[in-house]
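File shown: model16.cif. Contents: mmCIF, C-alpha atoms.
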data_input
#
loop_
_atom_site.label_atom_id
_atom_site.label_comp_id
_atom_site.auth_asym_id
_atom_site.auth_seq_id
_atom_site.Cartn_x
_atom_site.Cartn_y
_atom_site.Cartn_z
CA MET A 17 -11.29 -3.75 -50.07
CA ASN A 18 -11.06 0.00 -50.44
CA ALA A 19 -10.50 2.30 -47.54
CA PRO A 20 -13.49 4.51 -46.82
CA THR A 21 -13.10 7.59 -48.97
CA PHE A 22 -15.48 9.80 -47.05
CA PRO A 23 -13.25 11.47 -44.43
CA LEU A 24 -15.80 11.45 -41.61
CA HIS A 25 -16.51 7.77 -41.63
CA PRO A 26 -18.07 6.94 -38.24
CA ALA A 27 -15.65 4.10 -37.49
CA LEU A 28 -12.68 6.35 -38.20
CA VAL A 29 -14.10 9.10 -36.01
CA MET A 30 -14.71 6.67 -33.16
CA ALA A 31 -11.22 5.23 -33.46
CA GLN A 32 -9.74 8.72 -33.46
CA LEU A 33 -11.77 9.66 -30.39
CA ALA A 34 -10.73 6.49 -28.55
CA GLU A 35 -7.10 7.17 -29.36
CA MET A 36 -7.39 10.74 -28.14
CA ARG A 37 -9.05 9.55 -24.94
CA ASP A 38 -6.31 6.98 -24.33
CA GLN A 39 -3.68 9.66 -24.85
CA PHE A 40 -5.47 12.13 -22.63
CA ARG A 41 -6.27 9.82 -19.72
CA PRO A 42 -2.78 9.45 -18.22
CA ARG A 43 -2.28 13.20 -18.33
CA ALA A 44 -5.60 13.80 -16.63
CA GLU A 45 -4.78 11.23 -13.96
CA ARG A 46 -1.39 12.81 -13.45
CA ALA A 47 -2.99 16.24 -13.04
CA MET A 48 -5.45 14.85 -10.49
CA GLY A 49 -2.56 13.14 -8.73
CA ILE A 50 -0.63 16.39 -8.50
CA LEU A 51 -3.65 18.11 -6.98
CA ARG A 52 -4.14 15.23 -4.55
CA ALA A 53 -0.47 15.40 -3.57
CA LYS A 54 -0.85 19.07 -2.67
CA TRP A 55 -3.39 17.99 -0.07
CA PHE A 56 -1.90 14.73 1.22
CA LEU A 57 1.66 16.04 1.37
CA ARG A 58 0.79 19.50 2.69
CA ASP A 59 3.12 19.10 5.70
CA CYS A 60 6.20 18.40 3.56
CA HIS A 61 8.61 20.54 1.58
CA LEU A 62 7.15 19.69 -1.78
CA ASP A 63 8.93 20.16 -5.07
CA TRP A 64 7.04 20.44 -8.34
CA GLY A 65 5.30 17.64 -10.13
CA VAL A 66 4.76 15.27 -7.18
CA ALA A 67 1.72 13.09 -7.82
CA THR A 68 -0.12 10.68 -5.55
CA TYR A 69 -2.49 8.19 -7.15
CA GLY A 70 -3.80 6.90 -3.82
CA ARG A 71 -3.73 7.66 -0.14
CA VAL A 72 -0.52 8.81 1.48
CA VAL A 73 -0.46 9.28 5.24
CA VAL A 74 2.11 11.80 6.44
CA ASP A 75 3.13 12.30 10.06
CA ASN A 76 5.76 14.99 9.89
CA GLN A 77 7.35 16.35 13.05
CA GLY A 78 10.79 16.86 11.50
CA VAL A 79 11.88 17.77 8.01
CA VAL A 80 10.51 15.93 4.99
CA GLU A 81 11.89 17.05 1.64
CA LEU A 82 10.35 15.53 -1.44
CA GLY A 83 12.07 16.10 -4.76
CA PRO A 84 10.46 16.83 -8.10
CA ARG A 85 8.42 14.38 -10.19
CA LEU A 86 7.81 11.75 -7.50
CA SER A 87 4.88 9.44 -7.87
CA PHE A 88 3.07 7.50 -5.17
CA MET A 89 0.78 4.71 -6.36
CA GLY A 90 -2.47 3.78 -4.67
CA GLY A 91 -3.52 0.34 -3.53
CA MET A 92 -4.97 -1.68 -0.72
CA VAL A 93 -2.79 -0.07 1.96
CA PRO A 94 -1.79 3.61 2.10
CA THR A 95 1.84 4.68 1.87
CA THR A 96 3.04 6.18 5.14
CA LEU A 97 5.76 8.77 5.62
CA THR A 98 6.69 9.25 9.27
CA CYS A 99 9.28 11.72 10.46
CA HIS A 100 9.96 12.10 14.16
CA PRO A 101 11.15 15.36 15.82
CA GLY A 102 14.60 16.40 14.69
CA ALA A 103 14.71 13.77 11.97
CA ARG A 104 15.23 14.28 8.29
CA LEU A 105 13.62 12.38 5.43
CA VAL A 106 14.87 13.34 1.97
CA VAL A 107 13.65 11.80 -1.27
CA GLY A 108 15.37 12.58 -4.56
CA ALA A 109 13.84 13.37 -7.91
CA SER A 110 11.74 11.01 -10.06
CA SER A 111 11.48 8.26 -7.48
CA HIS A 112 8.54 5.94 -7.69
CA PHE A 113 6.64 4.43 -4.75
CA ASN A 114 4.09 1.68 -4.98
CA TYR A 115 1.37 1.28 -2.36
CA GLY A 116 2.01 0.30 1.24
CA VAL A 117 5.55 1.67 1.41
CA SER A 118 6.38 2.70 4.94
CA LEU A 119 9.18 5.20 5.47
CA GLU A 120 10.02 6.11 9.03
CA ALA A 121 12.80 8.47 10.06
CA TRP A 122 14.07 8.91 13.60
CA GLU A 123 17.41 10.38 12.58
CA SER A 124 17.94 10.46 8.84
CA VAL A 125 16.67 8.58 5.82
CA SER A 126 17.83 9.79 2.44
CA ILE A 127 16.78 8.38 -0.89
CA GLY A 128 18.47 9.17 -4.18
CA GLU A 129 17.08 9.91 -7.60
CA ARG A 130 15.11 7.59 -9.88
CA CYS A 131 14.66 4.92 -7.20
CA MET A 132 11.82 2.44 -7.37
CA PHE A 133 10.05 1.07 -4.31
CA ALA A 134 7.59 -1.76 -4.70
CA SER A 135 4.64 -2.43 -2.44
CA PHE A 136 5.05 -3.12 1.29
CA VAL A 137 8.65 -1.97 1.48
CA ARG A 138 9.57 -0.98 5.02
CA ILE A 139 12.38 1.47 5.71
CA CYS A 140 12.96 2.52 9.31
CA ASP A 141 16.19 3.80 10.86
CA ARG A 142 15.42 2.58 14.38
CA ASP A 143 14.79 -1.04 15.30
CA GLY A 144 14.54 -0.90 19.08
CA HIS A 145 18.26 -1.32 19.68
CA ARG A 146 19.93 1.39 17.70
CA THR A 147 19.28 4.34 15.51
CA ALA A 148 21.46 4.82 12.45
CA PRO A 149 20.87 6.73 9.23
CA ILE A 150 19.80 4.91 6.09
CA VAL A 151 21.20 6.06 2.76
CA ILE A 152 19.80 4.84 -0.54
CA GLU A 153 21.73 6.07 -3.55
CA ASP A 154 20.46 6.71 -7.07
CA ASP A 155 18.64 4.22 -9.32
CA VAL A 156 18.02 1.64 -6.61
CA TRP A 157 15.17 -0.82 -7.06
CA VAL A 158 13.69 -2.24 -3.85
CA ALA A 159 11.25 -5.04 -4.63
CA HIS A 160 8.06 -6.15 -2.90
CA GLY A 161 8.13 -6.61 0.86
CA ALA A 162 11.81 -5.86 1.44
CA ILE A 163 12.84 -4.47 4.81
CA LEU A 164 15.84 -2.16 5.26
CA MET A 165 17.35 -2.19 8.73
CA PRO A 166 19.03 0.86 10.35
CA GLY A 167 22.50 1.91 9.24
CA VAL A 168 22.21 0.40 5.80
CA ARG A 169 23.66 2.05 2.72
CA ILE A 170 22.44 0.78 -0.62
CA GLY A 171 24.80 1.59 -3.48
CA ALA A 172 23.75 3.12 -6.74
CA ARG A 173 21.93 0.93 -9.30
CA SER A 174 21.62 -1.97 -6.84
CA VAL A 175 18.57 -4.20 -6.59
CA VAL A 176 17.06 -5.46 -3.34
CA SER A 177 15.02 -8.50 -4.22
CA ALA A 178 11.54 -9.32 -2.99
CA GLY A 179 11.10 -10.20 0.67
CA SER A 180 14.73 -9.71 1.62
CA ILE A 181 15.82 -8.16 4.89
CA VAL A 182 18.88 -5.97 4.43
CA THR A 183 21.08 -5.77 7.52
CA HIS A 184 24.41 -4.78 5.97
CA ASP A 185 25.54 -2.34 3.32
CA VAL A 186 24.98 -3.22 -0.32
CA PRO A 187 27.72 -2.07 -2.73
CA PRO A 188 26.77 -0.44 -6.04
CA ASP A 189 25.56 -2.61 -8.96
CA MET A 190 24.79 -5.61 -6.76
CA LEU A 191 21.78 -7.74 -6.01
CA ALA A 192 20.81 -8.25 -2.36
CA MET A 193 18.68 -11.28 -1.66
CA GLY A 194 17.43 -13.34 1.25
CA ASN A 195 17.07 -13.09 5.00
CA PRO A 196 19.57 -11.80 6.07
CA ALA A 197 20.37 -10.33 2.69
CA ARG A 198 23.48 -11.56 0.95
CA THR A 199 24.85 -9.60 -1.94
CA MET A 200 25.79 -11.13 -5.23
CA SER A 201 26.93 -9.73 -8.51
CA MET A 202 24.16 -9.13 -10.97
CA ASP A 203 26.23 -10.84 -13.69
CA LEU A 204 26.14 -14.08 -11.72
CA VAL A 205 22.38 -14.07 -11.49
CA ALA A 206 21.74 -15.45 -14.94
CA ARG A 207 18.23 -16.72 -15.23
CA GLY A 208 17.02 -17.11 -18.76
CA THR A 209 13.52 -15.93 -18.02
CA GLY A 210 12.01 -13.10 -16.13
CA THR A 211 15.16 -11.13 -15.48
CA MET B 22 -32.95 -21.22 12.56
CA ALA B 23 -33.27 -24.25 10.34
CA THR B 24 -35.55 -22.35 7.98
CA THR B 25 -33.59 -19.10 7.87
CA LEU B 26 -30.23 -20.69 7.17
CA PRO B 27 -30.80 -21.67 3.51
CA LEU B 28 -32.23 -18.23 2.80
CA ARG B 29 -29.22 -16.51 4.30
CA ARG B 30 -26.88 -18.77 2.41
CA GLY B 31 -28.73 -17.98 -0.81
CA LEU B 32 -28.44 -14.27 -0.17
CA GLY B 33 -24.75 -14.65 0.62
CA THR B 34 -24.14 -16.45 -2.66
CA LEU B 35 -26.06 -13.77 -4.52
CA LEU B 36 -23.96 -11.06 -2.90
CA ALA B 37 -20.80 -13.01 -3.68
CA ARG B 38 -21.81 -13.27 -7.32
CA LEU B 39 -22.41 -9.53 -7.39
CA LYS B 40 -18.92 -8.92 -6.02
CA LEU B 41 -17.50 -11.32 -8.63
CA HIS B 42 -19.41 -9.90 -11.60
CA ARG B 43 -16.18 -9.02 -13.42
CA CYS B 44 -15.06 -12.65 -13.54
CA ARG B 45 -15.32 -14.54 -16.80
CA ALA B 46 -16.76 -17.61 -15.05
CA VAL B 47 -17.78 -18.36 -11.48
CA GLY B 48 -18.54 -21.88 -10.27
CA LEU B 49 -21.06 -23.11 -7.74
CA ALA B 50 -21.62 -21.41 -4.39
CA PRO B 51 -18.77 -18.90 -4.13
CA ILE B 52 -18.20 -17.38 -0.70
CA VAL B 53 -16.88 -13.84 -0.68
CA LEU B 54 -16.41 -12.03 2.61
CA GLY B 55 -15.28 -8.43 2.64
CA ARG B 56 -13.81 -6.79 -0.42
CA VAL B 57 -12.44 -8.29 -3.61
CA TRP B 58 -10.84 -6.14 -6.27
CA ILE B 59 -10.93 -7.62 -9.72
CA HIS B 60 -9.42 -5.33 -12.27
CA GLY B 61 -7.51 -5.41 -15.50
CA GLU B 62 -8.56 -6.47 -18.96
CA GLY B 63 -7.60 -10.12 -18.66
CA GLU B 64 -9.90 -12.90 -17.60
CA VAL B 65 -10.50 -14.35 -14.13
CA VAL B 66 -12.04 -17.82 -13.89
CA LEU B 67 -13.25 -19.26 -10.59
CA GLY B 68 -14.16 -22.88 -9.90
CA ASP B 69 -16.76 -24.26 -7.50
CA HIS B 70 -16.88 -23.42 -3.78
CA VAL B 71 -14.18 -20.80 -3.89
CA VAL B 72 -13.72 -18.90 -0.63
CA LEU B 73 -12.35 -15.36 -0.81
CA ASP B 74 -12.04 -13.86 2.66
CA GLY B 75 -11.24 -10.18 2.17
CA ARG B 76 -12.26 -8.98 5.60
CA VAL B 77 -8.77 -8.01 6.80
CA ALA B 78 -7.83 -6.23 3.59
CA PRO B 79 -9.09 -6.46 0.03
CA ILE B 80 -8.06 -9.38 -2.16
CA GLU B 81 -6.64 -8.21 -5.47
CA LEU B 82 -7.06 -10.32 -8.59
CA HIS B 83 -5.34 -8.36 -11.31
CA ALA B 84 -5.32 -9.96 -14.74
CA GLN B 85 -3.81 -7.57 -17.23
CA ARG B 86 -4.44 -7.58 -20.95
CA GLY B 87 -3.88 -11.12 -22.19
CA GLY B 88 -3.49 -12.39 -18.64
CA ARG B 89 -5.51 -15.14 -17.05
CA ILE B 90 -6.11 -16.09 -13.40
CA VAL B 91 -7.64 -19.50 -12.78
CA LEU B 92 -8.77 -20.52 -9.30
CA GLU B 93 -9.93 -24.12 -9.35
CA ASP B 94 -12.44 -25.80 -7.01
CA ASP B 95 -12.32 -25.22 -3.24
CA VAL B 96 -9.54 -22.65 -3.35
CA ALA B 97 -9.42 -20.46 -0.25
CA ILE B 98 -7.67 -17.09 -0.32
CA GLU B 99 -7.34 -14.84 2.71
CA GLY B 100 -7.29 -11.08 2.91
CA GLY B 101 -4.60 -8.83 1.48
CA SER B 102 -3.41 -11.36 -1.04
CA SER B 103 -2.64 -10.03 -4.45
CA LEU B 104 -2.45 -12.09 -7.65
CA GLU B 105 -1.12 -10.24 -10.65
CA ALA B 106 -1.17 -12.05 -13.97
CA GLN B 107 0.41 -10.89 -17.19
CA SER B 108 0.23 -14.32 -18.78
CA CYS B 109 -1.25 -17.05 -16.58
CA ILE B 110 -1.63 -17.91 -12.89
CA THR B 111 -3.28 -21.21 -11.99
CA VAL B 112 -4.19 -22.13 -8.43
CA GLY B 113 -5.07 -25.82 -8.13
CA ALA B 114 -8.01 -27.37 -6.32
CA HIS B 115 -8.08 -27.37 -2.50
CA SER B 116 -5.19 -24.92 -2.27
CA ARG B 117 -5.04 -22.25 0.39
CA LEU B 118 -3.31 -18.88 0.27
CA GLY B 119 -2.70 -17.02 3.53
CA THR B 120 -2.99 -13.32 4.22
CA TRP B 121 -0.84 -10.72 2.40
CA CYS B 122 0.52 -13.18 -0.15
CA LYS B 123 1.89 -11.78 -3.37
CA VAL B 124 1.69 -13.92 -6.49
CA MET B 125 3.11 -12.38 -9.63
CA ASP B 126 4.12 -13.87 -12.95
CA ASN B 127 6.15 -10.90 -14.14
CA GLN B 128 9.03 -9.03 -12.56
CA TYR B 129 7.77 -5.78 -14.14
CA HIS B 130 11.33 -4.42 -14.36
CA PRO B 131 14.36 -6.12 -15.86
CA LEU B 132 17.40 -6.63 -13.66
CA ARG B 133 19.71 -5.30 -16.35
CA GLY B 134 19.21 -2.75 -19.06
CA ASN B 135 16.39 -0.27 -19.22
CA ARG B 136 14.35 -0.52 -16.03
CA HIS B 137 11.23 0.82 -17.69
CA GLU B 138 10.63 -1.87 -20.26
CA ARG B 139 8.74 -4.92 -19.11
CA PRO B 140 10.41 -8.35 -19.19
CA ALA B 141 8.71 -11.49 -20.46
CA SER B 142 6.24 -13.24 -18.19
CA VAL B 143 6.65 -16.77 -16.92
CA PRO B 144 3.40 -18.66 -16.24
CA LEU B 145 2.99 -19.54 -12.58
CA THR B 146 1.37 -22.77 -11.47
CA ILE B 147 0.17 -23.88 -8.06
CA GLU B 148 -1.07 -27.47 -8.13
CA GLU B 149 -3.62 -29.19 -5.89
CA ASP B 150 -3.56 -29.25 -2.08
CA VAL B 151 -0.90 -26.61 -1.74
CA THR B 152 -0.79 -24.47 1.38
CA VAL B 153 0.89 -21.09 1.08
CA GLY B 154 1.62 -19.33 4.36
CA SER B 155 0.86 -15.70 4.95
CA ARG B 156 3.18 -13.00 3.60
CA SER B 157 4.75 -15.42 1.14
CA ILE B 158 5.98 -14.06 -2.16
CA LEU B 159 5.68 -16.24 -5.26
CA LEU B 160 7.84 -14.83 -8.03
CA PRO B 161 7.66 -15.64 -11.75
CA GLY B 162 8.67 -19.20 -12.53
CA THR B 163 7.22 -20.65 -9.35
CA HIS B 164 5.78 -24.13 -9.74
CA LEU B 165 4.40 -25.59 -6.52
CA GLN B 166 3.69 -29.25 -7.10
CA LYS B 167 0.92 -31.25 -5.52
CA GLY B 168 0.78 -31.06 -1.74
CA ALA B 169 3.68 -28.65 -1.28
CA ARG B 170 3.50 -26.46 1.81
CA LEU B 171 5.06 -23.06 2.20
CA ALA B 172 5.85 -21.69 5.64
CA PRO B 173 4.84 -18.07 6.29
CA GLY B 174 7.14 -15.49 4.75
CA THR B 175 8.66 -17.76 2.11
CA VAL B 176 10.03 -16.30 -1.10
CA VAL B 177 9.92 -18.77 -4.00
CA SER B 178 10.83 -18.46 -7.65
CA ARG B 179 11.27 -22.04 -8.84
CA ARG B 180 9.81 -25.54 -8.77
CA ILE B 181 8.96 -27.03 -5.39
CA PRO B 182 8.45 -30.81 -5.55
CA SER B 183 5.31 -32.42 -4.24
CA GLY B 184 4.81 -33.11 -0.55
CA VAL B 185 7.69 -30.92 0.55
CA ARG B 186 7.54 -28.25 3.20
CA VAL B 187 9.72 -25.23 2.46
CA GLY B 188 10.35 -21.99 4.24
CA GLY B 189 12.62 -18.99 4.48
CA SER B 190 14.07 -16.51 2.07
CA PRO B 191 15.51 -17.85 -0.19
CA ALA B 192 13.33 -20.94 0.27
CA ARG B 193 14.90 -24.07 1.72
CA VAL B 194 13.40 -27.49 2.36
CA LEU B 195 12.26 -27.82 5.95
CA ARG B 196 10.77 -31.30 5.74
CA THR B 197 10.06 -33.94 3.12
CA GLU B 198 7.01 -36.12 3.49
CA GLU B 199 7.65 -39.84 3.29
CA PRO B 200 5.55 -41.39 0.53
CA GLY B 201 2.64 -43.50 1.80
#
How would this structure read if it were set down as structure tokens?
Amino acid sequence: MNAPTFPLHPALVMAQLAEMRDQFRPRAERAMGILRAKWFLRDCHLDWGVATYGRVVVDNQGVVELGPRLSFMGGMVPTTLTCHPGARLVVGASSHFNYGVSLEAWESVSIGERCMFASFVRICDRDGHRTAPIVIEDDVWVAHGAILMPGVRIGARSVVSAGSIVTHDVPPDMLAMGNPARTMSMDLVARGTGT
Amino acid sequence: MATTLPLRRGLGTLLARLKLHRCRAVGLAPIVLGRVWIHGEGEVVLGDHVVLDGRVAPIELHAQRGGRIVLEDDVAIEGGSSLEAQSCITVGAHSRLGTWCKVMDNQYHPLRGNRHERPASVPLTIEEDVTVGSRSILLPGTHLQKGARLAPGTVVSRRIPSGVRVGGSPARVLRTEEPG
């Protein structure tokens, strides 16, 4: 079968248009997200290119510094950023937050670059007994429903698995899992599928 | 009262079918309370007498391209639960899922290597008469066999034999039912 020789064949035009639309849509959504972020995150020190794709609730009475190119996803529960008086909440560049993430700073919470936070992650540096700063280094992946307790330091490139409750420091390049979270080397976690 | 009840039930079913219009197939008499989000390009198939109670928070049924979510007869799902299918999620007959459950058949990010490419999916199966407690997380590779029960807050990623009650994170056996 020959290809259609006439250059403006309707099917070709439609395919081209669909392709252009698919290429354009993420950029348009990103632009809308950046505009939305200007409104939702108006109380924060905002760097360029921060986008929110859903609701973000900010209660800022301290210092919230958001780095460039962050993205906050939307979902069934809004993401909340809470910063109490005199506290400091710093998020590094290119981090990614799914919906329902709750960040609360009473003293200091700092998050490195290129981190990923899945839905319903809870990070609070006060638990009713003590207040201690939380440090999350670069490239950390915190999976769905994990809870980080005060005073925890998560090393670079570590992974906190789903539903775990981290009470102690996690060294770099490790996997933290369970309640309370135990750390194990990522080389030992050899599952053939899904990892 | 006796005369208005069938009418109200009929209207409720009609409303439920409207809320479920994105599903590929819906069985008899679905009950949908509150909000249900069905999105993605995959297919969602519901059996008879399915109860989706999204009053607390919306229920999310997310079947992505090529994915498939099957809820068999008499499945009850409570609010805030989220099922995300890249390949296949099957929930067996008479199963119950509590509030804020997360059921996913893909990790979305690999543990090693480039974090932005998507790993392979593992089909996730929940067999008949399974009870999943609220805030449980079912990771890829989960296979809950017939009559298994999950305590609230359990994190599972492998096969749970039938009639066993498990709980905790990582999941441990709390009790085994004696046969008969």
Could you list, as a count of residues only, the residues of chain A having an atom within 10 Å of chain B when counting all atoms listed in the file? 33
B:Arg38 surroundings by only C-alpha atoms, 9 Å radius, close-in-sequence under 3 positions cut, as number ranges by chain: B: 33-35, 41-42, 47, 50-53
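Residues in contact with A:Gly65 at 8 Å, where only C-alpha atoms are counted and same-chain residues fewer than 2 positions away are skipped, are listed as Ile50, Asp63, Ala67, Pro84, Arg85 and Leu86 of chain A.
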Save the residues we just selected, C-alpha atoms, as a compact mmCIF listing (two decimals), in the frame of the given file?
# COMPACT_ATOMS: atom_id res chain seq x y z
CA ILE A 50 -0.63 16.39 -8.50
CA ASP A 63 8.93 20.16 -5.07
CA ALA A 67 1.72 13.09 -7.82
CA PRO A 84 10.46 16.83 -8.10
CA ARG A 85 8.42 14.38 -10.19
CA LEU A 86 7.81 11.75 -7.50
Please identify all polymer residues lying at most 7 Å from the point (14.6, -0.2, 1.7) (file coordinates), using all atoms listed in the file, and present the result as a list in words. Val137, Arg138, Ile139, Val158, Ala162, Ile163 and Leu164 of chain A
Between B:Leu26, B:Leu67, B:Val124, B:Ile147, single out the one closest to B:Glu105, counting only C-alpha atoms. B:Val124
Can you tell me how far atom CA of B:Leu82 sits from atom CA of B:Leu36, in Å to one decimal? 17.8 Å
Translate the PyMOL selection byres ((chain A and resi 150) around 8) into a concrete residue list for this structure, as a ChimeraX atom specification. /A:124-126,140-141,148-149,151-152,165-169
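Picture a line from atom CA of A:Asp154 to atom CA of A:Cys131; it runs 6.1 Å.
A straight line drawn from atom CA of A:Val107 to atom CA of A:Leu82 is 5.0 Å long.
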Give as a PyMOL selection string the residues that the PyMOL selection byres ((chain A and resi 35-46) around 10) matches when applied to the coordinates above. chain A and resi 29-34+47-52+65-69+87
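Using all atoms listed in the file, the smallest distance between any of B:His115, B:Lys40, B:Arg45, B:Arg29 and B:Gly75 comes from B:Lys40.
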